[in-house]
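Read through the structure below, which is laid out as structure tokens, and then see the notes.
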Amino acid sequence: MPWYSEEKIEEVRSRNDIVDVIGNYVKLKRSGSGYVGLCPFHSEKSPSFSVNPARQMYKCFGCGVGGNVITFIMEYENYSFPEAMQYLAERANVDLPQKEMTAEQKKQENLRQTLLEINTKAARFFFAKLKSQQGKLGYEYLKGRELTDETIVHFGLGYAGQGGNELYQYLRKEGYSDAVLKETGLFKMDERGVYDKFWNRVMFPIMDISNHVIGFGGRVMGDAKPKYLNSPETKIFDKSRNLFGMNYAKQGKRRNLILCEGYMDVIALHQAGFTNAVASLGTAFTGQQANLLRRYTDEVLLTYDSDGAGRKAALRAIPILRSAGINGKIVHMEPYKDPDEFIKALGAEEFEKRLEGAQNSFFFEVEVLREQYDISDPEQKTKFYHELAKKLLVFTEKVQRDNYLEAVAAKYGIPKEDLRNLVIRYSSQMPEGYQNTETVSQPKQKPKEETGIAYSYQLLLSWLIEAPELYEPVSQRITPDDFFDEKYHIVAQLLYEQLEKKELLPAKIINHFQDVESQKEVAKMFQTEFQTKMSRDEREKALNELVIRIKEYSIEYRMRNLTDMKELQALILEKKQWQTPEKLHISLKDG
């Protein structure tokens, strides 16, 4: 993975104006000194997504995401940091010579490349085993599932041996150490020895969107448990961020993607010509997987098993897709359990018809809800109406909600106005920001109070960015050394340096961190909201209380972690000073 200097990262960021870049993905409208639009990271009908050209940052007041132009591309396109850098560099015609890695960075990158290399060799080992006499059981199983040799080769399917450590011995001969092999997740290592994790299983190589083998799934031959076994998470495999078959499905010509439960469903669908099929990797569907799907489509057809477990999985996936701005539809395969069985029984043409007749996901949710109540019982019927009214609140825009309200009222014979009145009643209990133009006034739920020193850190950093004139009095009382979390300490240092030079640009500070999670954390530090509608006196009081809270925590922290008793007297004196805070009071200027 390339490692770029902070200067080069800043050049790429500064050469890509955030309004221009985000404007290619989101329709932005001028609002005061900034821009607003519909958030691309969750479903909404009223704009809560804000872009600040002066700060070169974005923020959604609905779902809380935020960052600079690089983090936006990473999140929206599901790119890694280097991929986002490459994309933006090409866009701005910037050359990307990479900085010499540190010894630790080289070590980690070499390990990552080695793990990819080992997985590729393991996949070839399993494939060769499948075609050998030892793999006859696995090969016959796949042929029994009506897979062609072409399909087997296309997906690189294989077979793990009958036990022992054949794969381990093979890779040792290839020159890999135990320390490296332990990182692959392919082996069990204990005091008794080393054993292959996968044995007597048909093997499914799992590839990322760049066609690298990052892990494996294995289906046992026989009745042993578990039926399916997946690679554990490693430095190259995160099952919550990948989808089986996505490397092929992304190349498809269809406008939608088919989401399945298992490997065999995906393979059977691809063989039948439905090359837009993917599957989650033996785990519940995740928001990261939804973001990956959104990169290629805005409509997903759910073909989860038609049994109870499959229905529950679909009900869990629908709101995740909805939050990602994806329209979900349910493909009904009764009387068959899954796509594989359906296609074997009725063929691709009939399956195409089922896709065309896929059910609106909201109607599916209502249908499942309806089954929980005995409509012949007046009490049960009333409860159903109330639950249906609550469910309609997933649509925050009145027009969309009214359309669905009319449709379900007609379908279930509910007086439309009665249902509408229930919806109005429940919408009045929704938190601030919920759109409901029918109610005259809405009681607003008080947001849950955030606590902890991290929140105080966030609040002070955000306040300094919004009011840089406070830097001088605040810095005389609070220094970066008063921030004890490592990331907050680094961010405070960088922010104070900018404020000292009067060159405030928080978007630049994010560049200091190159891993996604750290960038998200840092972006959040600059986006904590404080009450801007407070009076001057209220704001002054809040600021001073905040400064005192951080300073007192700093003194107590240093006392708890004291290593030199000579410092104790100085700390006691400092604490005494802060117990008479009027001497250290910060006054805000009028206006």
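Every chain in the structure tokens has a letter given in the order shown (A, B, ...), and although residue numbers restart at 1 in each chain, ligands are simply numbered from 1 in the order shown.
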What's the 12 Å shell around Leu28 in chain A, counting only C-alpha atoms, without same-chain residues fewer than 3 positions away, as an mmCIF file with C-alpha atoms, in the first residue's frame?
```cif
data_model
loop_
_atom_site.group_PDB
_atom_site.id
_atom_site.type_symbol
_atom_site.label_atom_id
_atom_site.label_comp_id
_atom_site.auth_asym_id
_atom_site.auth_seq_id
_atom_site.Cartn_x
_atom_site.Cartn_y
_atom_site.Cartn_z
ATOM 1 C CA ILE A 18 -14.989 19.803 -1.692
ATOM 2 C CA VAL A 19 -18.023 21.545 -3.203
ATOM 3 C CA ASP A 20 -17.022 20.538 -6.735
ATOM 4 C CA VAL A 21 -16.316 16.925 -5.767
ATOM 5 C CA ILE A 22 -19.399 16.347 -3.626
ATOM 6 C CA GLY A 23 -21.475 18.206 -6.201
ATOM 7 C CA ASN A 24 -20.816 15.321 -8.596
ATOM 8 C CA TYR A 25 -22.641 12.982 -6.194
ATOM 9 C CA SER A 31 -27.467 28.207 1.895
ATOM 10 C CA GLY A 34 -22.293 27.017 2.650
ATOM 11 C CA TYR A 35 -24.275 24.410 0.737
ATOM 12 C CA VAL A 36 -26.920 21.863 1.693
ATOM 13 C CA GLY A 37 -28.287 18.750 0.055
ATOM 14 C CA LEU A 38 -29.774 15.307 0.697
ATOM 15 C CA CYS A 39 -27.330 13.082 2.559
ATOM 16 C CA PRO A 40 -25.917 10.313 0.338
ATOM 17 C CA PRO A 47 -31.701 18.226 3.348
ATOM 18 C CA SER A 48 -29.545 17.761 6.460
ATOM 19 C CA PHE A 49 -26.221 17.351 4.649
ATOM 20 C CA SER A 50 -24.053 20.482 4.861
ATOM 21 C CA VAL A 51 -20.860 21.368 2.967
ATOM 22 C CA ASN A 52 -18.663 24.185 4.267
ATOM 23 C CA PRO A 53 -16.375 25.558 1.520
ATOM 24 C CA TYR A 58 -18.950 18.205 5.172
#
```
Hey, what does DSSP flag as alpha helix (DSSP H) within range 301-482 of chain A? Can you give it to me as JSON, numbers by chain?
{"A": [308, 309, 310, 311, 312, 313, 314, 315, 316, 317, 318, 319, 320, 321, 322, 323, 339, 340, 341, 342, 343, 344, 345, 346, 348, 349, 350, 351, 352, 353, 354, 355, 356, 361, 362, 363, 364, 365, 366, 367, 368, 369, 370, 378, 379, 380, 381, 382, 383, 384, 385, 386, 387, 388, 389, 390, 391, 398, 399, 400, 401, 402, 403, 404, 405, 406, 407, 408, 409, 410, 411, 412, 416, 417, 418, 419, 420, 421, 422, 423, 424, 425, 426, 427, 453, 454, 455, 456, 457, 458, 459, 460, 461, 462, 463, 464, 465, 466, 471, 472, 473, 474, 475]}
Writer output for current selection, C-alpha atoms, as an mmCIF file, in the first residue's frame:
```cif
data_model
loop_
_atom_site.group_PDB
_atom_site.id
_atom_site.type_symbol
_atom_site.label_atom_id
_atom_site.label_comp_id
_atom_site.auth_asym_id
_atom_site.auth_seq_id
_atom_site.Cartn_x
_atom_site.Cartn_y
_atom_site.Cartn_z
ATOM 1 C CA GLY A 308 -38.486 -18.497 8.921
ATOM 2 C CA ALA A 309 -34.783 -17.771 9.284
ATOM 3 C CA GLY A 310 -34.664 -16.331 5.772
ATOM 4 C CA ARG A 311 -37.635 -14.072 6.439
ATOM 5 C CA LYS A 312 -35.989 -12.768 9.615
ATOM 6 C CA ALA A 313 -32.769 -12.110 7.703
ATOM 7 C CA ALA A 314 -34.731 -10.151 5.094
ATOM 8 C CA LEU A 315 -36.461 -8.094 7.782
ATOM 9 C CA ARG A 316 -33.052 -7.218 9.262
ATOM 10 C CA ALA A 317 -31.598 -6.297 5.867
ATOM 11 C CA ILE A 318 -34.452 -4.057 4.663
ATOM 12 C CA PRO A 319 -33.868 -1.111 7.066
ATOM 13 C CA ILE A 320 -30.105 -1.330 6.491
ATOM 14 C CA LEU A 321 -30.643 -1.016 2.750
ATOM 15 C CA ARG A 322 -33.166 1.774 3.302
ATOM 16 C CA SER A 323 -30.706 3.708 5.468
ATOM 17 C CA PRO A 339 -32.618 -19.622 -5.790
ATOM 18 C CA ASP A 340 -30.537 -22.750 -6.333
ATOM 19 C CA GLU A 341 -33.533 -25.059 -5.789
ATOM 20 C CA PHE A 342 -35.840 -22.791 -7.777
ATOM 21 C CA ILE A 343 -33.647 -22.682 -10.867
ATOM 22 C CA LYS A 344 -33.054 -26.444 -10.815
ATOM 23 C CA ALA A 345 -36.806 -26.996 -10.672
ATOM 24 C CA LEU A 346 -38.225 -24.295 -12.940
ATOM 25 C CA ALA A 348 -33.927 -19.316 -15.492
ATOM 26 C CA GLU A 349 -36.940 -18.011 -17.415
ATOM 27 C CA GLU A 350 -39.313 -18.571 -14.504
ATOM 28 C CA PHE A 351 -36.796 -17.070 -12.092
ATOM 29 C CA GLU A 352 -36.666 -13.957 -14.279
ATOM 30 C CA LYS A 353 -40.427 -13.658 -13.877
ATOM 31 C CA ARG A 354 -40.070 -13.826 -10.108
ATOM 32 C CA LEU A 355 -37.489 -11.046 -10.247
ATOM 33 C CA GLU A 356 -39.836 -8.893 -12.301
ATOM 34 C CA SER A 361 -39.976 -4.301 0.810
ATOM 35 C CA PHE A 362 -42.302 -2.103 2.901
ATOM 36 C CA PHE A 363 -45.331 -4.120 1.836
ATOM 37 C CA PHE A 364 -43.407 -7.264 2.787
ATOM 38 C CA GLU A 365 -42.701 -5.826 6.249
ATOM 39 C CA VAL A 366 -46.388 -4.970 6.691
ATOM 40 C CA GLU A 367 -47.400 -8.439 5.519
ATOM 41 C CA VAL A 368 -45.174 -10.060 8.130
ATOM 42 C CA LEU A 369 -46.512 -7.651 10.778
ATOM 43 C CA ARG A 370 -50.108 -8.507 9.819
ATOM 44 C CA PRO A 378 -61.098 -6.318 17.859
ATOM 45 C CA GLU A 379 -58.239 -5.860 20.344
ATOM 46 C CA GLN A 380 -55.726 -7.556 18.060
ATOM 47 C CA LYS A 381 -57.021 -5.578 15.098
ATOM 48 C CA THR A 382 -56.540 -2.293 16.992
ATOM 49 C CA LYS A 383 -52.983 -3.256 17.952
ATOM 50 C CA PHE A 384 -52.210 -4.013 14.307
ATOM 51 C CA TYR A 385 -53.470 -0.559 13.243
ATOM 52 C CA HIS A 386 -51.274 1.113 15.872
ATOM 53 C CA GLU A 387 -48.163 -0.854 14.883
ATOM 54 C CA LEU A 388 -48.836 -0.122 11.218
ATOM 55 C CA ALA A 389 -49.073 3.614 11.982
ATOM 56 C CA LYS A 390 -45.705 3.479 13.760
ATOM 57 C CA LYS A 391 -44.152 1.610 10.847
ATOM 58 C CA LYS A 398 -45.228 13.622 4.037
ATOM 59 C CA VAL A 399 -45.913 12.963 0.341
ATOM 60 C CA GLN A 400 -44.170 9.595 0.367
ATOM 61 C CA ARG A 401 -45.770 8.632 3.673
ATOM 62 C CA ASP A 402 -49.240 9.563 2.367
ATOM 63 C CA ASN A 403 -48.761 7.410 -0.718
ATOM 64 C CA TYR A 404 -47.870 4.389 1.376
ATOM 65 C CA LEU A 405 -50.613 5.172 3.885
ATOM 66 C CA GLU A 406 -53.267 5.156 1.153
ATOM 67 C CA ALA A 407 -51.906 1.925 -0.332
ATOM 68 C CA VAL A 408 -51.852 -0.074 2.924
ATOM 69 C CA ALA A 409 -55.188 1.378 4.072
ATOM 70 C CA ALA A 410 -56.788 0.145 0.844
ATOM 71 C CA LYS A 411 -55.062 -3.248 1.007
ATOM 72 C CA TYR A 412 -56.166 -4.000 4.574
ATOM 73 C CA LYS A 416 -57.756 6.094 5.684
ATOM 74 C CA GLU A 417 -58.429 9.015 8.030
ATOM 75 C CA ASP A 418 -58.323 6.771 11.093
ATOM 76 C CA LEU A 419 -54.901 5.506 10.084
ATOM 77 C CA ARG A 420 -53.745 9.034 9.250
ATOM 78 C CA ASN A 421 -54.772 10.273 12.715
ATOM 79 C CA LEU A 422 -52.754 7.492 14.339
ATOM 80 C CA VAL A 423 -49.732 8.401 12.235
ATOM 81 C CA ILE A 424 -50.067 12.067 13.255
ATOM 82 C CA ARG A 425 -50.288 11.067 16.900
ATOM 83 C CA TYR A 426 -47.127 8.962 16.777
ATOM 84 C CA SER A 427 -45.221 11.419 14.608
ATOM 85 C CA ILE A 453 -14.134 13.694 28.939
ATOM 86 C CA ALA A 454 -14.039 12.762 25.234
ATOM 87 C CA TYR A 455 -17.236 14.738 24.688
ATOM 88 C CA SER A 456 -15.711 17.730 26.502
ATOM 89 C CA TYR A 457 -12.656 17.485 24.256
ATOM 90 C CA GLN A 458 -14.871 17.374 21.162
ATOM 91 C CA LEU A 459 -16.911 20.325 22.361
ATOM 92 C CA LEU A 460 -13.889 22.535 22.996
ATOM 93 C CA LEU A 461 -12.244 21.664 19.667
ATOM 94 C CA SER A 462 -15.488 22.365 17.790
ATOM 95 C CA TRP A 463 -15.934 25.641 19.656
ATOM 96 C CA LEU A 464 -12.416 26.821 18.820
ATOM 97 C CA ILE A 465 -13.041 26.100 15.144
ATOM 98 C CA GLU A 466 -16.335 28.002 15.152
ATOM 99 C CA TYR A 471 -7.948 30.639 21.035
ATOM 100 C CA GLU A 472 -5.848 33.163 22.958
ATOM 101 C CA PRO A 473 -7.777 33.089 26.264
ATOM 102 C CA VAL A 474 -8.451 29.342 26.028
ATOM 103 C CA SER A 475 -4.832 28.434 25.213
#
```
I'd like the interatomic distance between CA of Ser80 in chain A and CA of Lys487 in chain A, to a tenth of an Å.
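Between these atoms lies a distance of 20.6 Å.
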Could you work out how far CA of His512 in chain A lies from CA of Ala92 in chain A, giving the answer in Å with one decimal?
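Straight-line distance from CA of Ala92 in chain A to CA of His512 in chain A works out to 20.4 Å.
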Mind checking which residues fall within 9 Å of Leu243 in chain A, counting only C-alpha atoms, ignoring those fewer than 2 positions away in the same chain, and posting them as a PDB file with C-alpha atoms, in the first residue's frame?
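Contents of out.pdb, as written:
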```pdb
ATOM      1  CA  ILE A 206     -13.636 -15.341  -1.268  1.00  0.00           C
ATOM      2  CA  MET A 207     -12.361 -12.467  -3.390  1.00  0.00           C
ATOM      3  CA  ASP A 208     -12.437  -8.730  -2.889  1.00  0.00           C
ATOM      4  CA  ILE A 209     -13.574  -6.390  -5.656  1.00  0.00           C
ATOM      5  CA  LYS A 239     -16.347 -10.238   6.345  1.00  0.00           C
ATOM      6  CA  SER A 240     -18.530  -7.268   7.289  1.00  0.00           C
ATOM      7  CA  ARG A 241     -17.103  -5.185   4.407  1.00  0.00           C
ATOM      8  CA  GLY A 245     -19.310 -12.694  -5.926  1.00  0.00           C
ATOM      9  CA  MET A 246     -19.045  -8.890  -5.902  1.00  0.00           C
ATOM     10  CA  ASN A 247     -15.872  -9.013  -7.997  1.00  0.00           C
ATOM     11  CA  VAL A 278     -23.852 -11.650  -4.438  1.00  0.00           C
ATOM     12  CA  ALA A 279     -24.034 -13.042  -0.887  1.00  0.00           C
ATOM     13  CA  SER A 280     -23.073 -11.931   2.603  1.00  0.00           C
ATOM     14  CA  LEU A 281     -20.334 -14.025   4.157  1.00  0.00           C
ATOM     15  CA  GLN A 289     -21.961  -4.220   2.822  1.00  0.00           C
ATOM     16  CA  LEU A 292     -20.539  -1.458  -1.074  1.00  0.00           C
ATOM     17  CA  LEU A 293     -23.767  -2.347  -2.903  1.00  0.00           C
TER      18      LEU A 293
END
```
